[in-house]
file start.cif (mmCIF, C-alpha atoms)
data_run
loop_
_atom_site.label_atom_id
_atom_site.label_comp_id
_atom_site.auth_asym_id
_atom_site.auth_seq_id
_atom_site.Cartn_x
_atom_site.Cartn_y
_atom_site.Cartn_z
CA MET A 20 -29.97 -3.03 3.56
CA ARG A 21 -30.30 0.26 1.68
CA THR A 22 -29.79 3.93 2.47
CA THR A 23 -31.82 6.90 1.23
CA PRO A 24 -30.95 8.05 -2.30
CA THR A 25 -29.03 11.27 -2.74
CA GLU A 26 -31.22 13.91 -4.37
CA SER A 27 -30.21 16.27 -7.18
CA THR A 28 -32.26 18.79 -9.12
CA CYS A 29 -29.64 19.54 -11.77
CA HIS A 30 -30.79 16.76 -14.08
CA PRO A 31 -34.56 16.43 -13.76
CA GLY A 32 -35.99 13.36 -15.40
CA GLY A 33 -38.94 15.10 -17.08
CA ASP A 34 -41.44 13.21 -19.21
CA THR A 35 -39.14 12.39 -22.13
CA LEU A 36 -37.76 8.86 -22.12
CA PRO A 37 -34.04 8.54 -22.89
CA ALA A 38 -33.22 7.55 -26.46
CA ARG A 39 -30.08 5.65 -25.45
CA ILE A 40 -29.54 3.82 -22.16
CA VAL A 41 -26.17 2.49 -21.03
CA VAL A 42 -25.87 0.08 -18.11
CA LEU A 43 -22.31 -0.15 -16.88
CA GLY A 44 -20.68 -2.47 -14.35
CA ILE A 45 -17.19 -1.51 -13.27
CA GLY A 46 -14.66 -3.17 -11.02
CA ASN A 47 -12.12 -5.97 -10.91
CA LEU A 48 -13.36 -9.56 -10.75
CA LEU A 49 -10.01 -10.77 -9.43
CA TRP A 50 -10.21 -8.95 -6.10
CA ALA A 51 -13.24 -10.38 -4.30
CA ASP A 52 -15.95 -7.74 -3.66
CA GLU A 53 -14.33 -5.40 -6.21
CA GLY A 54 -16.18 -7.48 -8.78
CA PHE A 55 -19.66 -6.49 -7.57
CA GLY A 56 -20.44 -4.16 -10.48
CA VAL A 57 -19.34 -6.58 -13.17
CA ARG A 58 -21.27 -9.43 -11.54
CA CYS A 59 -24.41 -7.29 -11.61
CA ILE A 60 -24.05 -6.73 -15.35
CA GLU A 61 -23.46 -10.43 -15.88
CA ALA A 62 -26.62 -11.32 -13.94
CA LEU A 63 -28.70 -8.68 -15.71
CA GLN A 64 -27.79 -10.03 -19.12
CA ARG A 65 -28.33 -13.66 -18.18
CA ARG A 66 -31.72 -13.04 -16.56
CA TRP A 67 -33.33 -10.21 -18.55
CA GLU A 68 -33.77 -8.94 -22.09
CA PHE A 69 -34.06 -5.24 -22.90
CA ALA A 70 -35.11 -2.95 -25.73
CA ASP A 71 -32.65 -2.37 -28.58
CA HIS A 72 -31.64 1.07 -27.32
CA VAL A 73 -30.22 -0.42 -24.10
CA GLN A 74 -26.54 -1.41 -23.98
CA LEU A 75 -25.02 -3.53 -21.19
CA ILE A 76 -21.28 -3.06 -20.72
CA ASP A 77 -18.73 -4.93 -18.63
CA GLY A 78 -16.55 -1.89 -17.97
CA GLY A 79 -14.03 -3.75 -15.84
CA THR A 80 -11.14 -1.39 -15.10
CA GLN A 81 -11.07 0.33 -18.50
CA GLY A 82 -11.16 3.85 -17.09
CA LEU A 83 -10.94 6.53 -19.79
CA TYR A 84 -11.68 3.98 -22.51
CA LEU A 85 -15.31 4.13 -21.32
CA ILE A 86 -15.69 7.82 -22.18
CA GLN A 87 -17.49 7.26 -25.50
CA HIS A 88 -20.14 5.10 -23.84
CA VAL A 89 -20.83 7.77 -21.22
CA GLN A 90 -20.94 10.54 -23.82
CA GLU A 91 -23.40 8.61 -25.98
CA ALA A 92 -25.79 7.83 -23.12
CA ASP A 93 -28.94 9.80 -22.39
CA ALA A 94 -29.39 7.73 -19.23
CA LEU A 95 -26.57 5.92 -17.43
CA LEU A 96 -26.94 3.23 -14.76
CA ILE A 97 -23.75 2.25 -12.92
CA PHE A 98 -23.14 -0.71 -10.63
CA ASP A 99 -19.97 -0.62 -8.52
CA ALA A 100 -18.47 -1.51 -5.16
CA ILE A 101 -18.09 1.77 -3.27
CA ASP A 102 -16.55 2.40 0.13
CA TYR A 103 -19.22 4.51 1.81
CA GLY A 104 -17.98 3.63 5.29
CA LEU A 105 -21.16 1.61 5.90
CA GLU A 106 -21.86 -1.96 6.95
CA PRO A 107 -20.73 -4.52 4.35
CA GLY A 108 -23.47 -5.30 1.87
CA THR A 109 -25.23 -1.95 2.33
CA LEU A 110 -26.55 -0.47 -0.90
CA LYS A 111 -26.68 3.23 -1.60
CA GLU A 112 -28.21 5.02 -4.58
CA VAL A 113 -26.57 8.23 -5.78
CA ARG A 114 -27.91 10.33 -8.64
CA ASP A 115 -26.80 12.77 -11.30
CA ASP A 116 -24.29 15.45 -10.23
CA GLU A 117 -23.52 13.69 -6.95
CA VAL A 118 -22.17 10.58 -8.69
CA PRO A 119 -18.63 11.87 -9.49
CA ARG A 120 -18.18 12.98 -5.88
CA PHE A 121 -19.07 9.56 -4.51
CA MET A 122 -16.94 7.74 -7.09
CA GLY A 123 -13.88 9.54 -5.75
CA ALA A 124 -14.79 9.88 -2.06
CA LYS A 125 -12.87 6.85 -0.79
CA LYS A 126 -10.98 5.34 -3.67
CA MET A 127 -10.48 1.62 -3.29
CA SER A 128 -8.57 1.13 -6.52
CA LEU A 129 -7.28 2.90 -9.62
CA HIS A 130 -10.43 2.07 -11.60
CA GLN A 131 -12.44 4.50 -9.48
CA THR A 132 -10.00 7.32 -10.11
CA GLY A 133 -10.22 6.58 -13.82
CA PHE A 134 -13.98 6.53 -13.92
CA GLN A 135 -14.26 9.72 -11.91
CA GLU A 136 -12.16 11.33 -14.65
CA VAL A 137 -14.47 9.86 -17.30
CA LEU A 138 -17.45 11.59 -15.71
CA SER A 139 -15.54 14.85 -15.39
CA LEU A 140 -14.43 14.71 -19.02
CA ALA A 141 -17.99 13.99 -20.16
CA THR A 142 -19.12 17.10 -18.29
CA LEU A 143 -16.38 19.24 -19.85
CA THR A 144 -17.31 18.08 -23.34
CA GLY A 145 -20.97 18.89 -22.74
CA LYS A 146 -21.98 15.27 -23.30
CA TYR A 147 -23.03 14.21 -19.83
CA PRO A 148 -26.09 11.93 -19.55
CA GLN A 149 -29.32 13.64 -18.59
CA GLN A 150 -29.93 11.00 -15.93
CA VAL A 151 -27.35 9.03 -13.96
CA LEU A 152 -27.92 6.50 -11.22
CA LEU A 153 -25.11 4.82 -9.29
CA ILE A 154 -26.08 1.73 -7.31
CA GLY A 155 -23.11 1.11 -5.05
CA CYS A 156 -22.48 -1.67 -2.56
CA GLN A 157 -20.25 -1.46 0.49
CA PRO A 158 -17.60 -4.20 0.12
CA GLN A 159 -16.48 -6.51 2.88
CA GLU A 160 -13.25 -7.95 1.46
CA LEU A 161 -10.92 -6.67 -1.25
CA GLU A 162 -7.55 -8.19 -0.35
CA ASP A 163 -8.23 -11.66 -1.72
CA TYR A 164 -6.65 -12.12 -5.13
CA GLY A 165 -8.65 -14.64 -7.13
CA GLY A 166 -11.47 -14.50 -4.60
CA SER A 167 -15.16 -14.07 -5.26
CA LEU A 168 -17.90 -11.94 -3.73
CA ARG A 169 -18.36 -12.44 -0.02
CA PRO A 170 -21.80 -13.87 0.95
CA VAL A 171 -23.11 -10.56 2.31
CA VAL A 172 -22.21 -8.75 -0.92
CA LYS A 173 -23.49 -11.55 -3.13
CA ALA A 174 -26.79 -11.45 -1.23
CA ALA A 175 -27.01 -7.68 -1.81
CA MET A 176 -26.91 -8.27 -5.56
CA GLU A 177 -30.56 -9.32 -5.64
CA GLU A 178 -31.76 -6.02 -4.21
CA ALA A 179 -29.32 -4.10 -6.40
CA LEU A 180 -30.65 -5.84 -9.50
CA ALA A 181 -34.25 -5.18 -8.46
CA LEU A 182 -33.47 -1.49 -8.00
CA GLY A 183 -31.70 -1.36 -11.34
CA VAL A 184 -34.44 -3.13 -13.27
CA ALA A 185 -37.08 -0.87 -11.69
CA GLU A 186 -35.14 2.22 -12.79
CA LEU A 187 -34.61 0.81 -16.26
CA GLU A 188 -38.33 0.20 -16.57
CA ARG A 189 -38.99 3.84 -15.64
CA TRP A 190 -36.51 4.86 -18.32
CA GLY A 191 -38.35 2.83 -20.96
CA ALA A 192 -35.84 -0.03 -21.25
CA ARG A 193 -38.70 -2.57 -21.38
CA PRO A 194 -37.04 -5.31 -19.27
CA VAL A 195 -38.54 -8.80 -19.56
CA GLU A 196 -37.33 -12.09 -18.14
CA ARG A 197 -35.03 -13.80 -20.61
CA ARG A 198 -36.72 -16.55 -22.58
CA THR A 199 -33.77 -17.57 -24.75
CA PRO A 200 -30.50 -18.58 -23.07
CA LEU A 201 -27.41 -16.69 -24.14
CA ALA A 202 -25.48 -18.25 -26.99
CA PRO A 203 -21.81 -19.15 -26.43
CA ARG A 204 -19.61 -16.04 -26.38
CA GLU A 205 -22.69 -13.78 -26.32
CA ALA A 206 -22.23 -12.87 -22.66
CA VAL A 207 -20.64 -9.52 -21.80
CA THR A 208 -18.40 -11.41 -19.35
CA LEU A 209 -16.29 -14.24 -20.76
CA ASP A 210 -17.75 -17.67 -20.04
CA GLU A 211 -14.53 -18.67 -18.26
CA LEU A 212 -14.98 -15.76 -15.84
CA ALA A 213 -18.70 -16.27 -15.22
CA LEU A 214 -19.45 -16.43 -11.51
CA THR A 215 -20.12 -20.18 -11.25
CA ALA A 216 -17.09 -21.19 -13.30
CA TYR A 217 -14.86 -18.65 -11.57
CA GLU A 218 -15.74 -19.93 -8.11
CA ALA A 219 -15.63 -23.62 -9.04
CA GLN A 220 -12.19 -23.47 -10.66
CA ARG A 221 -10.35 -21.53 -7.98
CA PRO A 222 -7.27 -23.42 -6.73
CA ALA A 223 -6.87 -24.16 -3.05
CA ALA A 224 -4.96 -21.63 -0.96
CA GLU A 225 -2.02 -24.04 -0.76
CA GLU A 226 -1.74 -24.03 -4.55
CA ALA A 227 -2.16 -20.34 -5.32
CA CYS A 228 -1.23 -17.15 -3.55
CA ARG A 229 -4.25 -15.29 -2.15
CA ILE A 230 -2.70 -12.00 -1.02
CA GLY A 231 0.12 -11.33 -3.50
CA ASP A 232 3.75 -12.27 -3.92
CA GLU A 233 5.83 -11.38 -0.86
CA ARG A 234 8.70 -10.38 -3.16
CA PHE A 235 6.59 -7.43 -4.28
CA MET A 236 4.37 -7.02 -1.22
CA PRO A 237 6.82 -7.33 1.67
CA LYS A 238 5.52 -7.55 5.21
CA ALA A 239 6.02 -4.46 7.33
CA GLU A 240 8.91 -4.70 9.76
CA VAL A 241 7.97 -4.79 13.42
#
call {"tool": "encode", "arguments": {"input": "start.cif", "output": "structure tokens"}}
result
Amino acid sequence: MRTTPTESTCHPGGDTLPARIVVLGIGNLLWADEGFGVRCIEALQRRWEFADHVQLIDGGTQGLYLIQHVQEADALLIFDAIDYGLEPGTLKEVRDDEVPRFMGAKKMSLHQTGFQEVLSLATLTGKYPQQVLLIGCQPQELEDYGGSLRPVVKAAMEEALALGVAELERWGARPVERRTPLAPREAVTLDELALTAYEAQRPAAEEACRIGDERFMPKAEV
């Protein structure tokens, strides 16, 4: 499921291809659907190869530490889980000047506040990418510590990746299906946190807390 992209005329694409492309996945793998953006970056790297001027980054929850990557980008593609108030698994594309507003519309976690500040700082320094595309997915579940993507969000990844690769091709990223498997430790996401390993090694609910320690997350009194 996908909604109509948000239009902006402040950063027209023009005919000049970007000299430097940054593809950024942000979020927290440890909180279920919060990991959508990082999982997209992981899948992109494992399944496609790109031109040398394209950089894939697992941004995690680094916040302001990502500022240099944004400032250096001529074109920026962002994958993230965003609370649009839509049905879980719904994808929405947001472009250019509208991206900071959507990143902070309904904050789900501190990483979104941090990245909204990154975009604002890039604007203030006059080093904002000429083209920005946010591909956001409506999450279903966030309160599951150690959990993975829910099926509806995992299924949405395929369309999100297709949209991203199509945009990267328009930007001149020259995506091709990967012919050579990644070498050990070459992946942007640690091998131990790769989706298959992460899901296979999760302890049973009886062995590991799923919602937090009640000493620090007390139940509300009735």
call {"tool": "closest_residue", "arguments": {"input": "start.cif", "among": "A:Val118, A:Val113, A:Val57, A:Val151", "to": "A:Gln90", "atoms": "only C-alpha atoms"}}
result
A:Val151
call {"tool": "atom_distance", "arguments": {"input": "start.cif", "atom1": "atom CA of A:Asp99", "atom2": "atom CA of A:Leu75"}}
result
13.9 Å
call {"tool": "atom_distance", "arguments": {"input": "start.cif", "atom1": "atom CA of A:Val172", "atom2": "atom CA of A:Ala70"}}
result
28.6 Å
call {"tool": "resolve_selection", "arguments": {"input": "start.cif", "expression": "the PyMOL selection byres ((chain A and resi 156) around 6)", "output": "VMD selection string"}}
result
chain A and resid 100 to 101 108 to 110 155 157
call {"tool": "closest_residue", "arguments": {"input": "start.cif", "among": "A:Glu112, A:Asp71, A:Pro119, A:Ala216", "to": "A:Glu136", "atoms": "all atoms listed in the file"}}
result
A:Pro119
call {"tool": "closest_residue", "arguments": {"input": "start.cif", "among": "A:Glu177, A:Thr144, A:Arg65, A:Leu153", "to": "A:Ile45", "atoms": "only C-alpha atoms"}}
result
A:Leu153
call {"tool": "closest_atom_pairs", "arguments": {"input": "start.cif", "of": "stretch 75-162 of chain A", "to": "stretch 47-50 of chain A", "cutoff": "8 Å", "atoms": "all atoms listed in the file", "output": "JSON lines"}}
result
{"residue": "A:Gly79", "atom": "CA", "partner": "A:Asn47", "partner_atom": "CA", "distance": 5.7}
{"residue": "A:Thr80", "atom": "CA", "partner": "A:Asn47", "partner_atom": "CA", "distance": 6.3}
{"residue": "A:Leu161", "atom": "CA", "partner": "A:Trp50", "partner_atom": "CA", "distance": 5.4}
{"residue": "A:Glu162", "atom": "CA", "partner": "A:Trp50", "partner_atom": "CA", "distance": 6.4}
call {"tool": "atom_distance", "arguments": {"input": "start.cif", "atom1": "atom CA of A:Ala141", "atom2": "atom CA of A:Glu91"}}
result
9.6 Å
call {"tool": "residues_around", "arguments": {"input": "start.cif", "residues": "A:Leu187", "least_positions_apart": "6", "cutoff": "10 Å", "atoms": "all atoms listed in the file", "output": "PyMOL selection string"}}
result
chain A and resi 40-42+69+73+94-96+181+193-194
call {"tool": "write_last_selection", "arguments": {"input": "start.cif", "atoms": "C-alpha atoms", "output": "short mmCIF file (atom, residue, chain, number, x, y, z; two decimals), in the coordinates of the input"}}
result
data_model
loop_
_atom_site.label_atom_id
_atom_site.label_comp_id
_atom_site.auth_asym_id
_atom_site.auth_seq_id
_atom_site.Cartn_x
_atom_site.Cartn_y
_atom_site.Cartn_z
CA ILE A 40 -29.54 3.82 -22.16
CA VAL A 41 -26.17 2.49 -21.03
CA VAL A 42 -25.87 0.08 -18.11
CA PHE A 69 -34.06 -5.24 -22.90
CA VAL A 73 -30.22 -0.42 -24.10
CA ALA A 94 -29.39 7.73 -19.23
CA LEU A 95 -26.57 5.92 -17.43
CA LEU A 96 -26.94 3.23 -14.76
CA ALA A 181 -34.25 -5.18 -8.46
CA ARG A 193 -38.70 -2.57 -21.38
CA PRO A 194 -37.04 -5.31 -19.27
#
call {"tool": "build_atoms", "arguments": {"input": "start.cif", "residues": "stretch 164-175 of chain A", "atoms": "N, CA, C and O atoms", "output": "PDB file, in the frame of the given file"}}
result
ATOM      1  N   TYR A 164      -6.895 -11.963  -3.703  1.00  0.00           N
ATOM      2  CA  TYR A 164      -6.650 -12.120  -5.130  1.00  0.00           C
ATOM      3  C   TYR A 164      -7.179 -13.461  -5.619  1.00  0.00           C
ATOM      4  O   TYR A 164      -6.829 -14.517  -5.086  1.00  0.00           O
ATOM      5  N   GLY A 165      -8.033 -13.426  -6.625  1.00  0.00           N
ATOM      6  CA  GLY A 165      -8.650 -14.640  -7.130  1.00  0.00           C
ATOM      7  C   GLY A 165      -9.918 -15.014  -6.388  1.00  0.00           C
ATOM      8  O   GLY A 165     -10.558 -16.017  -6.712  1.00  0.00           O
ATOM      9  N   GLY A 166     -10.287 -14.210  -5.390  1.00  0.00           N
ATOM     10  CA  GLY A 166     -11.470 -14.500  -4.600  1.00  0.00           C
ATOM     11  C   GLY A 166     -12.745 -14.017  -5.268  1.00  0.00           C
ATOM     12  O   GLY A 166     -12.717 -13.272  -6.245  1.00  0.00           O
ATOM     13  N   SER A 167     -13.870 -14.449  -4.723  1.00  0.00           N
ATOM     14  CA  SER A 167     -15.160 -14.070  -5.260  1.00  0.00           C
ATOM     15  C   SER A 167     -15.883 -13.161  -4.274  1.00  0.00           C
ATOM     16  O   SER A 167     -15.343 -12.802  -3.222  1.00  0.00           O
ATOM     17  N   LEU A 168     -17.108 -12.782  -4.622  1.00  0.00           N
ATOM     18  CA  LEU A 168     -17.900 -11.940  -3.730  1.00  0.00           C
ATOM     19  C   LEU A 168     -18.127 -12.648  -2.406  1.00  0.00           C
ATOM     20  O   LEU A 168     -18.403 -13.849  -2.360  1.00  0.00           O
ATOM     21  N   ARG A 169     -18.036 -11.895  -1.329  1.00  0.00           N
ATOM     22  CA  ARG A 169     -18.360 -12.440  -0.020  1.00  0.00           C
ATOM     23  C   ARG A 169     -19.883 -12.624   0.073  1.00  0.00           C
ATOM     24  O   ARG A 169     -20.648 -11.924  -0.601  1.00  0.00           O
ATOM     25  N   PRO A 170     -20.357 -13.571   0.889  1.00  0.00           N
ATOM     26  CA  PRO A 170     -21.800 -13.870   0.950  1.00  0.00           C
ATOM     27  C   PRO A 170     -22.678 -12.656   1.170  1.00  0.00           C
ATOM     28  O   PRO A 170     -23.740 -12.531   0.551  1.00  0.00           O
ATOM     29  N   VAL A 171     -22.265 -11.719   2.032  1.00  0.00           N
ATOM     30  CA  VAL A 171     -23.110 -10.560   2.310  1.00  0.00           C
ATOM     31  C   VAL A 171     -23.230  -9.646   1.089  1.00  0.00           C
ATOM     32  O   VAL A 171     -24.285  -9.047   0.844  1.00  0.00           O
ATOM     33  N   VAL A 172     -22.175  -9.569   0.299  1.00  0.00           N
ATOM     34  CA  VAL A 172     -22.210  -8.750  -0.920  1.00  0.00           C
ATOM     35  C   VAL A 172     -22.953  -9.481  -2.026  1.00  0.00           C
ATOM     36  O   VAL A 172     -23.727  -8.872  -2.776  1.00  0.00           O
ATOM     37  N   LYS A 173     -22.747 -10.784  -2.127  1.00  0.00           N
ATOM     38  CA  LYS A 173     -23.490 -11.550  -3.130  1.00  0.00           C
ATOM     39  C   LYS A 173     -24.994 -11.485  -2.863  1.00  0.00           C
ATOM     40  O   LYS A 173     -25.794 -11.373  -3.790  1.00  0.00           O
ATOM     41  N   ALA A 174     -25.375 -11.540  -1.578  1.00  0.00           N
ATOM     42  CA  ALA A 174     -26.790 -11.450  -1.230  1.00  0.00           C
ATOM     43  C   ALA A 174     -27.366 -10.089  -1.599  1.00  0.00           C
ATOM     44  O   ALA A 174     -28.534  -9.972  -1.994  1.00  0.00           O
ATOM     45  N   ALA A 175     -26.545  -9.036  -1.490  1.00  0.00           N
ATOM     46  CA  ALA A 175     -27.010  -7.680  -1.810  1.00  0.00           C
ATOM     47  C   ALA A 175     -27.268  -7.498  -3.296  1.00  0.00           C
ATOM     48  O   ALA A 175     -27.974  -6.566  -3.702  1.00  0.00           O
TER      49      ALA A 175
END
